[in-house]
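> The structure's right below; bear with me while I get my questions together.
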Amino acid sequence: MLLFRLMSALLGYVVIMVTGEAPERFVNMAASRGIYLWDITRVSEGAVLMKVRLGTVKSLRHIARRTKCRFHFERRVGLPFLYKRLLRRKALALGVLFFLATLYLLSSFVWFIEVKGNERLTVPEVLGAAAEAGLNRGMPKWRVETGRVETAIEEKLPLVAWTGVYIKGTKVIIEVAERVVPDAEDNRPSHIIATKAGLVKEVLILNGHPAVKEGDTVSPGQVLISGEIPPFEEPLKPVEEQKLGEEPKPQKTSRFVHARGIIRARVWYDGYGEANIVETGLRSTGRSETRVSIKFKGKEIILSGNQNVPYECYDTETLVKTIPQWRNLEVPVELVTLKYYEMAEYREEHGIEGARSLAVERALAEATGLIPKEARVTNRLLEEIQTGHPENIVRVKVTIETIEDIGEESLFKP
């Protein structure tokens, strides 16, 4: 349908008003002769509005005489009619051509330059380096040498690791990627210390001196990788290799570095849970009532809700709103919203197995909440705590073993 309307606009079509005793016969006869009519609308008893292509209008004159109808043009649409109007208005046609030519000419120049990806570099710095390579606002797009601009920016600005220059319409986009410069703090001496107790399983040292080895038990705060590299002595040369008068080299002093590395250890987390075999207590029934009141100088005016407590057993939630103080004027008026939640007694018999399941679930939840996301769980141990005499409660202790990186950086002064 869209293609048909587009072709009709290019070839031209007219909107005609057909009047007569039987405009329906006009429409039927035109359709039987292969003339396509669309958007047919009855205006009145003897008048019908429709659209038809320009090339079939002559055929409609014969049909109008046969059906004793008349038609006249309401509107002319399409490229042929626009062309004729432009011929009658040559100044307008020249103006349209001049406008299109000007628009094409203006779209051939660079009017906007956008810089992306800069954080430490400023936009004027990047634009200045690009200007030295010939990229400026108002220059023709065909004179922009993207490769030359990219090279000039990377040579002029050492902080730039990569540059990309793209032309989109009248805009030139300069995208830069800055080099990662290590912070000054990364060069300060530091140790890797333990954040928690554990049994060392793996030691990977990138920089520094090892202070523990695999199989050692460590405690929180203990140094795992030292930022102080101790001095070492060069091995003595054999007597026959020593030169006459040569003195042994002095022992080197300690070096201080920023320790880096990974210390993975086995860490254990404990969780405790308990559950009653027969559980009793109070819980909400889901029903609630709300009372809204205004308090002024010790007096209370109820705006909505019951004055009396609606439930025999209940829990409450209170929300108090006051009027903000204006200058030194304080209005002692409070809007109090009191919500009553109905509570009811309940009794649930879980049994020993049910209580044990609940206790294990609660113990696991407590222990799991202590484990960091990056830790890898390797083992779980469940232990039921017995007190030696019958009780209405089941107690469970859970121990979860994980392997995780327990080191963190700690700066120090040599």
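In the structure tokens, chains take the letters A, B, ... in the order shown, each chain's residues start at 1, and ligands count up from 1 in the order shown.
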Which residues, written as a PyMOL selection string, have at least one atom at most 6 Å from stretch 28-37 of chain A, with only C-alpha atoms counted and residues fewer than 2 positions away on the same chain left out?

chain A and resi 25-26+51-52

> Name the residues of stretch 17-103 of chain A that fall into alpha helix (DSSP H) according to DSSP on the backbone, using the chain letters and numbers of this document, as a ChimeraX atom specification.

/A:23-32,57-66,79-88,90-103

> I'd like to know which residues of stretch 94-191 of chain A are strand (DSSP E or B) (by DSSP, run on the backbone); could you write them as a PyMOL selection string?

chain A and resi 109+112-116+140+160-168+171-178+190-191

> Write out, as a PDB file, in the first residue's frame, the residues just selected, with N, CA and C atoms.


ATOM      1  N   PHE A 109      31.350  20.595   4.082  1.00  0.00           N
ATOM      2  CA  PHE A 109      32.364  21.188   4.948  1.00  0.00           C
ATOM      3  C   PHE A 109      32.241  20.619   6.359  1.00  0.00           C
ATOM      4  N   PHE A 112      31.524  20.793  12.758  1.00  0.00           N
ATOM      5  CA  PHE A 112      31.583  20.391  14.168  1.00  0.00           C
ATOM      6  C   PHE A 112      32.723  19.391  14.344  1.00  0.00           C
ATOM      7  N   ILE A 113      33.451  19.516  15.461  1.00  0.00           N
ATOM      8  CA  ILE A 113      34.508  18.574  15.828  1.00  0.00           C
ATOM      9  C   ILE A 113      34.247  18.141  17.271  1.00  0.00           C
ATOM     10  N   GLU A 114      34.052  16.858  17.469  1.00  0.00           N
ATOM     11  CA  GLU A 114      33.733  16.308  18.790  1.00  0.00           C
ATOM     12  C   GLU A 114      34.875  15.407  19.255  1.00  0.00           C
ATOM     13  N   VAL A 115      35.233  15.533  20.528  1.00  0.00           N
ATOM     14  CA  VAL A 115      36.306  14.736  21.121  1.00  0.00           C
ATOM     15  C   VAL A 115      35.681  13.769  22.120  1.00  0.00           C
ATOM     16  N   LYS A 116      36.028  12.489  22.015  1.00  0.00           N
ATOM     17  CA  LYS A 116      35.510  11.454  22.917  1.00  0.00           C
ATOM     18  C   LYS A 116      36.670  10.691  23.548  1.00  0.00           C
ATOM     19  N   PRO A 140      36.893  21.908   3.875  1.00  0.00           N
ATOM     20  CA  PRO A 140      36.181  20.882   3.102  1.00  0.00           C
ATOM     21  C   PRO A 140      36.485  19.484   3.628  1.00  0.00           C
ATOM     22  N   VAL A 160      48.363   9.962  24.912  1.00  0.00           N
ATOM     23  CA  VAL A 160      47.422   9.257  24.049  1.00  0.00           C
ATOM     24  C   VAL A 160      48.053   7.956  23.579  1.00  0.00           C
ATOM     25  N   ALA A 161      47.337   6.846  23.799  1.00  0.00           N
ATOM     26  CA  ALA A 161      47.818   5.548  23.342  1.00  0.00           C
ATOM     27  C   ALA A 161      47.254   5.177  21.976  1.00  0.00           C
ATOM     28  N   TRP A 162      46.067   5.642  21.664  1.00  0.00           N
ATOM     29  CA  TRP A 162      45.425   5.308  20.385  1.00  0.00           C
ATOM     30  C   TRP A 162      44.470   6.430  20.012  1.00  0.00           C
ATOM     31  N   THR A 163      44.349   6.690  18.711  1.00  0.00           N
ATOM     32  CA  THR A 163      43.471   7.741  18.207  1.00  0.00           C
ATOM     33  C   THR A 163      42.709   7.229  16.993  1.00  0.00           C
ATOM     34  N   GLY A 164      41.437   7.602  16.913  1.00  0.00           N
ATOM     35  CA  GLY A 164      40.613   7.298  15.739  1.00  0.00           C
ATOM     36  C   GLY A 164      39.867   8.546  15.312  1.00  0.00           C
ATOM     37  N   VAL A 165      39.887   8.852  14.016  1.00  0.00           N
ATOM     38  CA  VAL A 165      39.221  10.035  13.467  1.00  0.00           C
ATOM     39  C   VAL A 165      38.187   9.551  12.462  1.00  0.00           C
ATOM     40  N   TYR A 166      36.919   9.963  12.661  1.00  0.00           N
ATOM     41  CA  TYR A 166      35.828   9.529  11.806  1.00  0.00           C
ATOM     42  C   TYR A 166      35.046  10.751  11.335  1.00  0.00           C
ATOM     43  N   ILE A 167      34.553  10.675  10.091  1.00  0.00           N
ATOM     44  CA  ILE A 167      33.739  11.748   9.509  1.00  0.00           C
ATOM     45  C   ILE A 167      32.311  11.235   9.390  1.00  0.00           C
ATOM     46  N   LYS A 168      31.394  11.935  10.052  1.00  0.00           N
ATOM     47  CA  LYS A 168      29.969  11.599   9.999  1.00  0.00           C
ATOM     48  C   LYS A 168      29.195  12.862   9.646  1.00  0.00           C
ATOM     49  N   LYS A 171      30.177  16.454  10.802  1.00  0.00           N
ATOM     50  CA  LYS A 171      30.877  16.346  12.086  1.00  0.00           C
ATOM     51  C   LYS A 171      32.066  15.412  11.954  1.00  0.00           C
ATOM     52  N   VAL A 172      33.175  15.806  12.583  1.00  0.00           N
ATOM     53  CA  VAL A 172      34.357  14.946  12.693  1.00  0.00           C
ATOM     54  C   VAL A 172      34.479  14.513  14.147  1.00  0.00           C
ATOM     55  N   ILE A 173      34.556  13.221  14.372  1.00  0.00           N
ATOM     56  CA  ILE A 173      34.661  12.663  15.722  1.00  0.00           C
ATOM     57  C   ILE A 173      36.094  12.197  15.940  1.00  0.00           C
ATOM     58  N   ILE A 174      36.733  12.745  16.984  1.00  0.00           N
ATOM     59  CA  ILE A 174      38.083  12.329  17.371  1.00  0.00           C
ATOM     60  C   ILE A 174      37.958  11.491  18.636  1.00  0.00           C
ATOM     61  N   GLU A 175      38.270  10.220  18.534  1.00  0.00           N
ATOM     62  CA  GLU A 175      38.190   9.308  19.681  1.00  0.00           C
ATOM     63  C   GLU A 175      39.599   8.960  20.124  1.00  0.00           C
ATOM     64  N   VAL A 176      39.883   9.176  21.404  1.00  0.00           N
ATOM     65  CA  VAL A 176      41.217   8.919  21.931  1.00  0.00           C
ATOM     66  C   VAL A 176      41.133   7.922  23.072  1.00  0.00           C
ATOM     67  N   ALA A 177      42.201   7.159  23.239  1.00  0.00           N
ATOM     68  CA  ALA A 177      42.361   6.245  24.376  1.00  0.00           C
ATOM     69  C   ALA A 177      43.639   6.644  25.095  1.00  0.00           C
ATOM     70  N   GLU A 178      43.505   7.012  26.368  1.00  0.00           N
ATOM     71  CA  GLU A 178      44.650   7.506  27.129  1.00  0.00           C
ATOM     72  C   GLU A 178      45.429   6.346  27.736  1.00  0.00           C
ATOM     73  N   SER A 190      55.036  -1.214  50.329  1.00  0.00           N
ATOM     74  CA  SER A 190      53.859  -1.804  50.981  1.00  0.00           C
ATOM     75  C   SER A 190      54.091  -3.299  51.167  1.00  0.00           C
ATOM     76  N   HIS A 191      53.384  -3.858  52.157  1.00  0.00           N
ATOM     77  CA  HIS A 191      53.356  -5.297  52.396  1.00  0.00           C
ATOM     78  C   HIS A 191      52.019  -5.843  51.902  1.00  0.00           C
TER      79      HIS A 191
END

> Counting only C-alpha atoms, what is within 7 Å of A:Asn392, bar same-chain residues fewer than 6 positions away, as an MDAnalysis selection string?

chainID A and resid 276:278

> Just the number, please: distance in Å from atom CA of A:Met17 to atom CA of A:Leu3, one decimal.

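Between these atoms lies a distance of 25.0 Å.
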
> So how far away is atom CA of A:Leu106 from atom CA of A:Ala130, in Å?

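Atom-to-atom, atom CA of A:Ala130 to atom CA of A:Leu106, that is 21.7 Å.
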
> Write out as a list in words which residues come within 12 Å of A:Glu361 when counting only C-alpha atoms, dropping same-chain ones fewer than 3 positions away.

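Listing them by chain and then by number gives Gly271, Tyr272, Gly273, Glu274, Ala275, Gly354, Ala355, Arg356, Ser357, Leu358, Leu364, Ala365, Glu366, Ala367, Thr368, Leu382, Arg395, Val396, Lys397 and Val398 of chain A.
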
> Of the candidates A:Phe412, A:Tyr83, A:Tyr340, A:Trp38, which shows the shortest atom-to-atom distance to A:Pro310, using only C-alpha atoms?

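Distance minimum relative to A:Pro310 lands on A:Tyr340.
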
> Find the spatial neighbours of A:Lys339, counting only C-alpha atoms, within a cut-off of 10 Å - ignore same-chain residues fewer than 2 positions away - and output them as number ranges by chain.

A: 288-292, 305, 314-319, 336-337, 341-342

> Can you pull out the residues contacting A:Thr217? Cut-off 10 Å, using only C-alpha atoms, and skip same-chain residues under 4 positions away; I want them as a PyMOL selection string.

chain A and resi 197-201+212-213+265-266

> Need the shell around A:Val48: protein/DNA/RNA residues with any atom at most 12 Å away, counting only C-alpha atoms. Skip same-chain ones fewer than 5 positions apart. Format as a ChimeraX atom specification?

/A:15-27,37-43,69-72,74

> Output C-alpha atoms of each residue in that selection to a file, as a PDB file, in the first residue's frame.


ATOM      1  CA  VAL A  15      -9.487  14.059  -5.891  1.00  0.00           C
ATOM      2  CA  ILE A  16     -12.853  14.278  -7.737  1.00  0.00           C
ATOM      3  CA  MET A  17     -16.409  14.861  -6.575  1.00  0.00           C
ATOM      4  CA  VAL A  18     -18.941  12.768  -8.516  1.00  0.00           C
ATOM      5  CA  THR A  19     -22.531  14.037  -8.430  1.00  0.00           C
ATOM      6  CA  GLY A  20     -25.690  12.679 -10.058  1.00  0.00           C
ATOM      7  CA  GLU A  21     -28.712  10.484  -9.559  1.00  0.00           C
ATOM      8  CA  ALA A  22     -26.684   7.253  -9.231  1.00  0.00           C
ATOM      9  CA  PRO A  23     -22.974   7.832  -8.451  1.00  0.00           C
ATOM     10  CA  GLU A  24     -22.773   4.149  -7.467  1.00  0.00           C
ATOM     11  CA  ARG A  25     -23.216   3.189 -11.156  1.00  0.00           C
ATOM     12  CA  PHE A  26     -20.290   5.508 -11.961  1.00  0.00           C
ATOM     13  CA  VAL A  27     -18.080   3.694  -9.463  1.00  0.00           C
ATOM     14  CA  LEU A  37     -10.558   4.249  -7.474  1.00  0.00           C
ATOM     15  CA  TRP A  38      -9.632   4.541  -3.791  1.00  0.00           C
ATOM     16  CA  ASP A  39     -10.621   6.421  -0.637  1.00  0.00           C
ATOM     17  CA  ILE A  40     -14.255   6.463  -1.838  1.00  0.00           C
ATOM     18  CA  THR A  41     -16.360   8.511   0.599  1.00  0.00           C
ATOM     19  CA  ARG A  42     -20.086   9.321   0.354  1.00  0.00           C
ATOM     20  CA  VAL A  43     -20.566  13.029   1.032  1.00  0.00           C
ATOM     21  CA  CYS A  69     -23.182  11.948 -13.690  1.00  0.00           C
ATOM     22  CA  ARG A  70     -20.824  14.852 -13.489  1.00  0.00           C
ATOM     23  CA  PHE A  71     -17.511  15.216 -11.703  1.00  0.00           C
ATOM     24  CA  HIS A  72     -15.224  18.107 -10.917  1.00  0.00           C
ATOM     25  CA  GLU A  74     -11.421  19.027  -5.720  1.00  0.00           C
TER      26      GLU A  74
END

> What separation in Å, quoted to one decimal, exists between atom CA of A:Leu204 and atom CA of A:Thr402?

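Taking atom CA of A:Leu204 and atom CA of A:Thr402, their separation equals 18.0 Å.
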